[in-house]
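J.: One structure, as structure tokens, below. Some questions next.
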Amino acid sequence: MSSIKFDLRSDTVTKPTIEMRKAMAEAEVGDDVYAEDPTVNRLQSMIAELFGKESALFVPTGVMGNQIAIAIHTKRSDEIIVESESHIFHYETAAPAIIAGVQMYCIPTVKGELASSSISEAIRPGDYYFPKTSLICIEQTHNRHGGTVLSLSSIGEVSGFAQSKQIPLHCDGARIWNACAETGTAPHEYAHYLDTLSVCLSKGLGAPAGSVFIGTKDQVEYARHWRKLLGGGMRQSGILAAAGIHALQFHREHLRDDHEKARIFAEQIFSQTSCTLANSGGTVDTNILIIDCGFDTDPQALRNECSKRGLEISSGRGQCLRAVFHRDITMQEVKEAAMIFIQSFDSIMKENR
Ligand SMILES: *Cc1c(COP(=O)(O)O)cnc(C)c1O
């Protein structure tokens with residue numbers, strides 16, 4: 001592992017800085033199971049205020065934030081509507097079936113934006129033999145679509161429709177910070193349309209762990225019960241919350257640079273190889289790049305070749321690879337990483353000949 005020069009597998013590889021570690025070391029702490037950790041309480045208030053909601057709850061992971069949301073909004077044997085490429089559907093170990101006891105109804109979209117017409121068709125009629133549709137989930141930014149940003153108006157439309165059907169709307173906002181940074185939209189402007197959110201501190205923001213569930217006071221009290229049930233009641237977790245506070249104060253403003261890095265990398269590799277951009281919508285909205293290697297290139301061979309030369313990227317669907325840009329790679333290093341990608345591509349193409 002020590003030969004990794006550039007790690008673009010995910011923005012979760014970001015490590016706490018010296019300043020962040022200092023903030024963690026100096027954090028005032030208490031027992032959070034008694035809700036007595038002042039640093040956790042401070043983080044929760046900060047987040048609630050940023051999102052214009054009554055309350056917030058620090059949870060260990062984004063998956064737990066989402067699963068708590070699903071649990072508090074639903075009853076066993078209900079159905080929830082998710083987008084076909086959502087993290088909740090693909091990467092959360094079928095947890096909704098196990099924890100809340102609900103099934104997922106997947107709706108495909110172009111770039112993550114659910115349309116009220118397709119939701120309308122998906123909502124179950126009231127007959128006793130149907131599951132009851134009790135939650136709609138969206139994802140901002142949308143990971144598997146390539147970090148796409150859902151527009152405020154599309155969220156507004158889904159929200160209006162959900163309200164008219166009295167179905168709550170949850171947002172998996174693991175990377176909502178990137179959407180805010182890119183569009184200049186404030187967290188509360190998105191949250192205005194949402195009943196609950198789960199947001200990650202451990203992705204591009206660079207904290208070592210932690211997510212936050214956000215909602216009303218009652219929802220958060222119920223969430224606290226579920227967090228404990230799931231084994232997520234931590235004690236002096238102010239050490240971790242301090243990293244989150246530090247990230248909000250000092251790292252949020254740099255997220256836009258990560259989008260710029262993704263665009264620079266894209267420009268270089270797509271102009272000098274036959275790879276193409278596979279982000280939905282064909283744009284680099286934020287920090288995620290899905291790279292289509294083309295039918296005649298073995299993506300695993302390309303990935304291995306990059307790895308040999310010190311560049312780590314992850315695999316995607318079919319012929320695709322994924323690169324995610326973050327604060328632990330500089331603009332200059334992005335250019336070097338792109339060179340490695342191009343050289344690796346040329347090298348495996350030569351072998352094929
Ligand atoms: C990372 C991520 C999560 C949560 O992941 P954890 O590893 O549990 O923190 C949820 N949704 C999306 C879209 C993500 O990218």
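Letters A, B, ... go to the chains of the structure tokens in the order shown; residues in each chain start at 1; ligands are counted from 1 in the same order.
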Using only C-alpha atoms and all ligand atoms, find each protein or nucleic acid residue lying at most 6 Å from ligand 1; present the set as a compact mmCIF listing (two decimals) with all heavy atoms, in the first residue's frame.

T.:
```
# COMPACT_ATOMS: atom_id res chain seq x y z
N THR A 61 -22.21 6.38 10.93
CA THR A 61 -22.05 6.26 9.47
C THR A 61 -23.27 6.77 8.71
O THR A 61 -24.37 6.89 9.27
CB THR A 61 -21.87 4.77 9.05
OG1 THR A 61 -23.08 4.08 9.36
CG2 THR A 61 -20.70 4.11 9.75
N GLY A 62 -23.06 6.99 7.42
CA GLY A 62 -24.15 7.40 6.55
C GLY A 62 -25.19 6.32 6.39
O GLY A 62 -26.39 6.59 6.32
N VAL A 63 -24.74 5.08 6.33
CA VAL A 63 -25.69 3.97 6.24
C VAL A 63 -26.62 3.99 7.46
O VAL A 63 -27.83 3.87 7.32
CB VAL A 63 -24.96 2.61 6.12
CG1 VAL A 63 -25.95 1.46 6.30
CG2 VAL A 63 -24.25 2.49 4.78
N HIS A 87 -27.67 4.63 -3.52
CA HIS A 87 -26.79 4.00 -2.53
C HIS A 87 -27.61 3.08 -1.63
O HIS A 87 -27.20 1.97 -1.32
CB HIS A 87 -26.10 5.09 -1.71
CG HIS A 87 -24.97 4.61 -0.87
ND1 HIS A 87 -25.16 4.01 0.36
CD2 HIS A 87 -23.62 4.62 -1.08
CE1 HIS A 87 -23.96 3.69 0.87
NE2 HIS A 87 -23.02 4.04 0.03
N ASN A 143 -24.41 9.51 -6.29
CA ASN A 143 -23.13 8.80 -6.41
C ASN A 143 -23.01 8.02 -7.73
O ASN A 143 -22.17 8.32 -8.57
CB ASN A 143 -23.02 7.89 -5.18
CG ASN A 143 -21.68 7.20 -5.06
OD1 ASN A 143 -20.94 7.09 -6.02
ND2 ASN A 143 -21.37 6.74 -3.87
N ASP A 172 -30.81 11.15 1.15
CA ASP A 172 -29.48 10.65 1.44
C ASP A 172 -28.53 11.74 0.94
O ASP A 172 -28.19 11.79 -0.24
CB ASP A 172 -29.25 9.32 0.71
CG ASP A 172 -27.81 8.83 0.84
OD1 ASP A 172 -26.98 9.54 1.44
OD2 ASP A 172 -27.52 7.71 0.35
N ALA A 174 -25.37 12.33 1.61
CA ALA A 174 -23.96 12.03 1.91
C ALA A 174 -23.05 13.12 1.36
O ALA A 174 -22.15 13.59 2.04
CB ALA A 174 -23.58 10.66 1.33
```

J.: Near range 199-210 of chain A, counting only C-alpha atoms, which residues have an atom at most 6 Å away, once you skip same-chain residues fewer than 4 positions from it, shown as an MDAnalysis selection string?

T.: chainID A and resid 11:12 14 16 59:62 173:174 243:244 247 251 326

J.: Check range 10-162 of chain A with DSSP on the backbone and list each residue it calls strand (DSSP E), as a PyMOL selection string.

T.: chain A and resi 55-59+79-83+103-107+133-139

J.: For the selection just defined, write its residues with N, CA, C and O atoms to a file, as a short mmCIF file (atom, residue, chain, number, x, y, z; two decimals), in the first residue's frame.

T.:
```
data_model
loop_
_atom_site.label_atom_id
_atom_site.label_comp_id
_atom_site.auth_asym_id
_atom_site.auth_seq_id
_atom_site.Cartn_x
_atom_site.Cartn_y
_atom_site.Cartn_z
N SER A 55 -33.74 19.77 14.86
CA SER A 55 -32.82 18.95 15.62
C SER A 55 -31.96 18.06 14.72
O SER A 55 -32.25 17.89 13.53
N ALA A 56 -30.91 17.51 15.31
CA ALA A 56 -30.00 16.64 14.55
C ALA A 56 -29.35 15.64 15.50
O ALA A 56 -29.30 15.86 16.71
N LEU A 57 -28.90 14.53 14.95
CA LEU A 57 -28.31 13.46 15.75
C LEU A 57 -27.05 12.94 15.09
O LEU A 57 -27.08 12.52 13.92
N PHE A 58 -25.96 12.93 15.84
CA PHE A 58 -24.68 12.43 15.33
C PHE A 58 -24.74 10.91 15.30
O PHE A 58 -25.09 10.27 16.29
N VAL A 59 -24.43 10.32 14.15
CA VAL A 59 -24.44 8.85 14.01
C VAL A 59 -23.09 8.42 13.41
O VAL A 59 -22.41 9.22 12.77
N GLU A 79 -43.52 -0.32 1.94
CA GLU A 79 -42.61 -0.21 0.79
C GLU A 79 -42.08 1.21 0.73
O GLU A 79 -42.81 2.16 1.02
N ILE A 80 -40.81 1.34 0.34
CA ILE A 80 -40.25 2.68 0.15
C ILE A 80 -39.82 2.84 -1.30
O ILE A 80 -39.41 1.88 -1.94
N ILE A 81 -39.95 4.06 -1.79
CA ILE A 81 -39.54 4.35 -3.17
C ILE A 81 -38.12 4.91 -3.16
O ILE A 81 -37.84 5.88 -2.43
N VAL A 82 -37.26 4.26 -3.92
CA VAL A 82 -35.88 4.75 -4.06
C VAL A 82 -35.54 4.82 -5.55
O VAL A 82 -36.23 4.23 -6.38
N GLU A 83 -34.49 5.51 -5.85
CA GLU A 83 -34.04 5.60 -7.25
C GLU A 83 -33.22 4.34 -7.56
O GLU A 83 -32.51 3.82 -6.69
N GLN A 103 -39.71 -3.27 1.91
CA GLN A 103 -39.10 -3.56 0.61
C GLN A 103 -38.94 -2.28 -0.18
O GLN A 103 -39.60 -1.27 0.09
N MET A 104 -38.04 -2.35 -1.17
CA MET A 104 -37.75 -1.16 -1.96
C MET A 104 -38.38 -1.27 -3.34
O MET A 104 -38.34 -2.33 -3.96
N TYR A 105 -38.94 -0.17 -3.77
CA TYR A 105 -39.46 -0.06 -5.14
C TYR A 105 -38.53 0.90 -5.85
O TYR A 105 -38.41 2.06 -5.46
N CYS A 106 -37.85 0.40 -6.89
CA CYS A 106 -36.83 1.22 -7.56
C CYS A 106 -37.38 1.89 -8.80
O CYS A 106 -37.99 1.24 -9.64
N ILE A 107 -37.14 3.18 -8.91
CA ILE A 107 -37.53 3.93 -10.11
C ILE A 107 -36.28 4.40 -10.84
O ILE A 107 -35.46 5.11 -10.26
N THR A 133 -47.00 2.33 0.58
CA THR A 133 -45.87 3.21 0.25
C THR A 133 -45.73 4.25 1.35
O THR A 133 -46.61 5.08 1.54
N SER A 134 -44.62 4.19 2.09
CA SER A 134 -44.56 5.11 3.23
C SER A 134 -43.35 6.04 3.25
O SER A 134 -43.21 6.83 4.19
N LEU A 135 -42.51 5.97 2.24
CA LEU A 135 -41.36 6.89 2.22
C LEU A 135 -40.82 7.00 0.79
O LEU A 135 -40.82 6.02 0.04
N ILE A 136 -40.36 8.19 0.47
CA ILE A 136 -39.65 8.41 -0.81
C ILE A 136 -38.25 8.89 -0.46
O ILE A 136 -38.08 9.76 0.41
N CYS A 137 -37.24 8.32 -1.13
CA CYS A 137 -35.85 8.73 -0.86
C CYS A 137 -35.19 9.28 -2.11
O CYS A 137 -35.34 8.70 -3.19
N ILE A 138 -34.47 10.36 -1.95
CA ILE A 138 -33.64 10.88 -3.03
C ILE A 138 -32.19 10.95 -2.55
O ILE A 138 -31.93 10.79 -1.35
N GLU A 139 -31.28 11.17 -3.46
CA GLU A 139 -29.85 11.18 -3.12
C GLU A 139 -29.18 12.40 -3.73
O GLU A 139 -29.26 12.63 -4.93
#
```

J.: Can you list, as a ChimeraX atom specification, every residue of range 95-266 of chain A that DSSP puts in alpha helix (DSSP H)?

T.: /A:95-98,116-122,152-164,176-183,187-191,217-229,238-250,255-266

J.: In Å, how far is it from CA of Val40 in chain A to CA of Ala69 in chain A?

T.: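 Separation of CA of Val40 in chain A and CA of Ala69 in chain A: 19.5 Å.
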
J.: If you count only C-alpha atoms, which residues fall within 9 Å of Ser347 in chain A, apart from same-chain ones fewer than 4 positions away, as a VMD selection string?

T.: chain A and resid 302 305 342 to 343 351 to 352

J.: Which one of A:Ala338, A:Ile47, A:Val284, A:Ile348 sits closest to Pro299 in chain A if you count only C-alpha atoms?

T.: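 That would be A:Ile348, the residue with the smallest distance to Pro299 in chain A.
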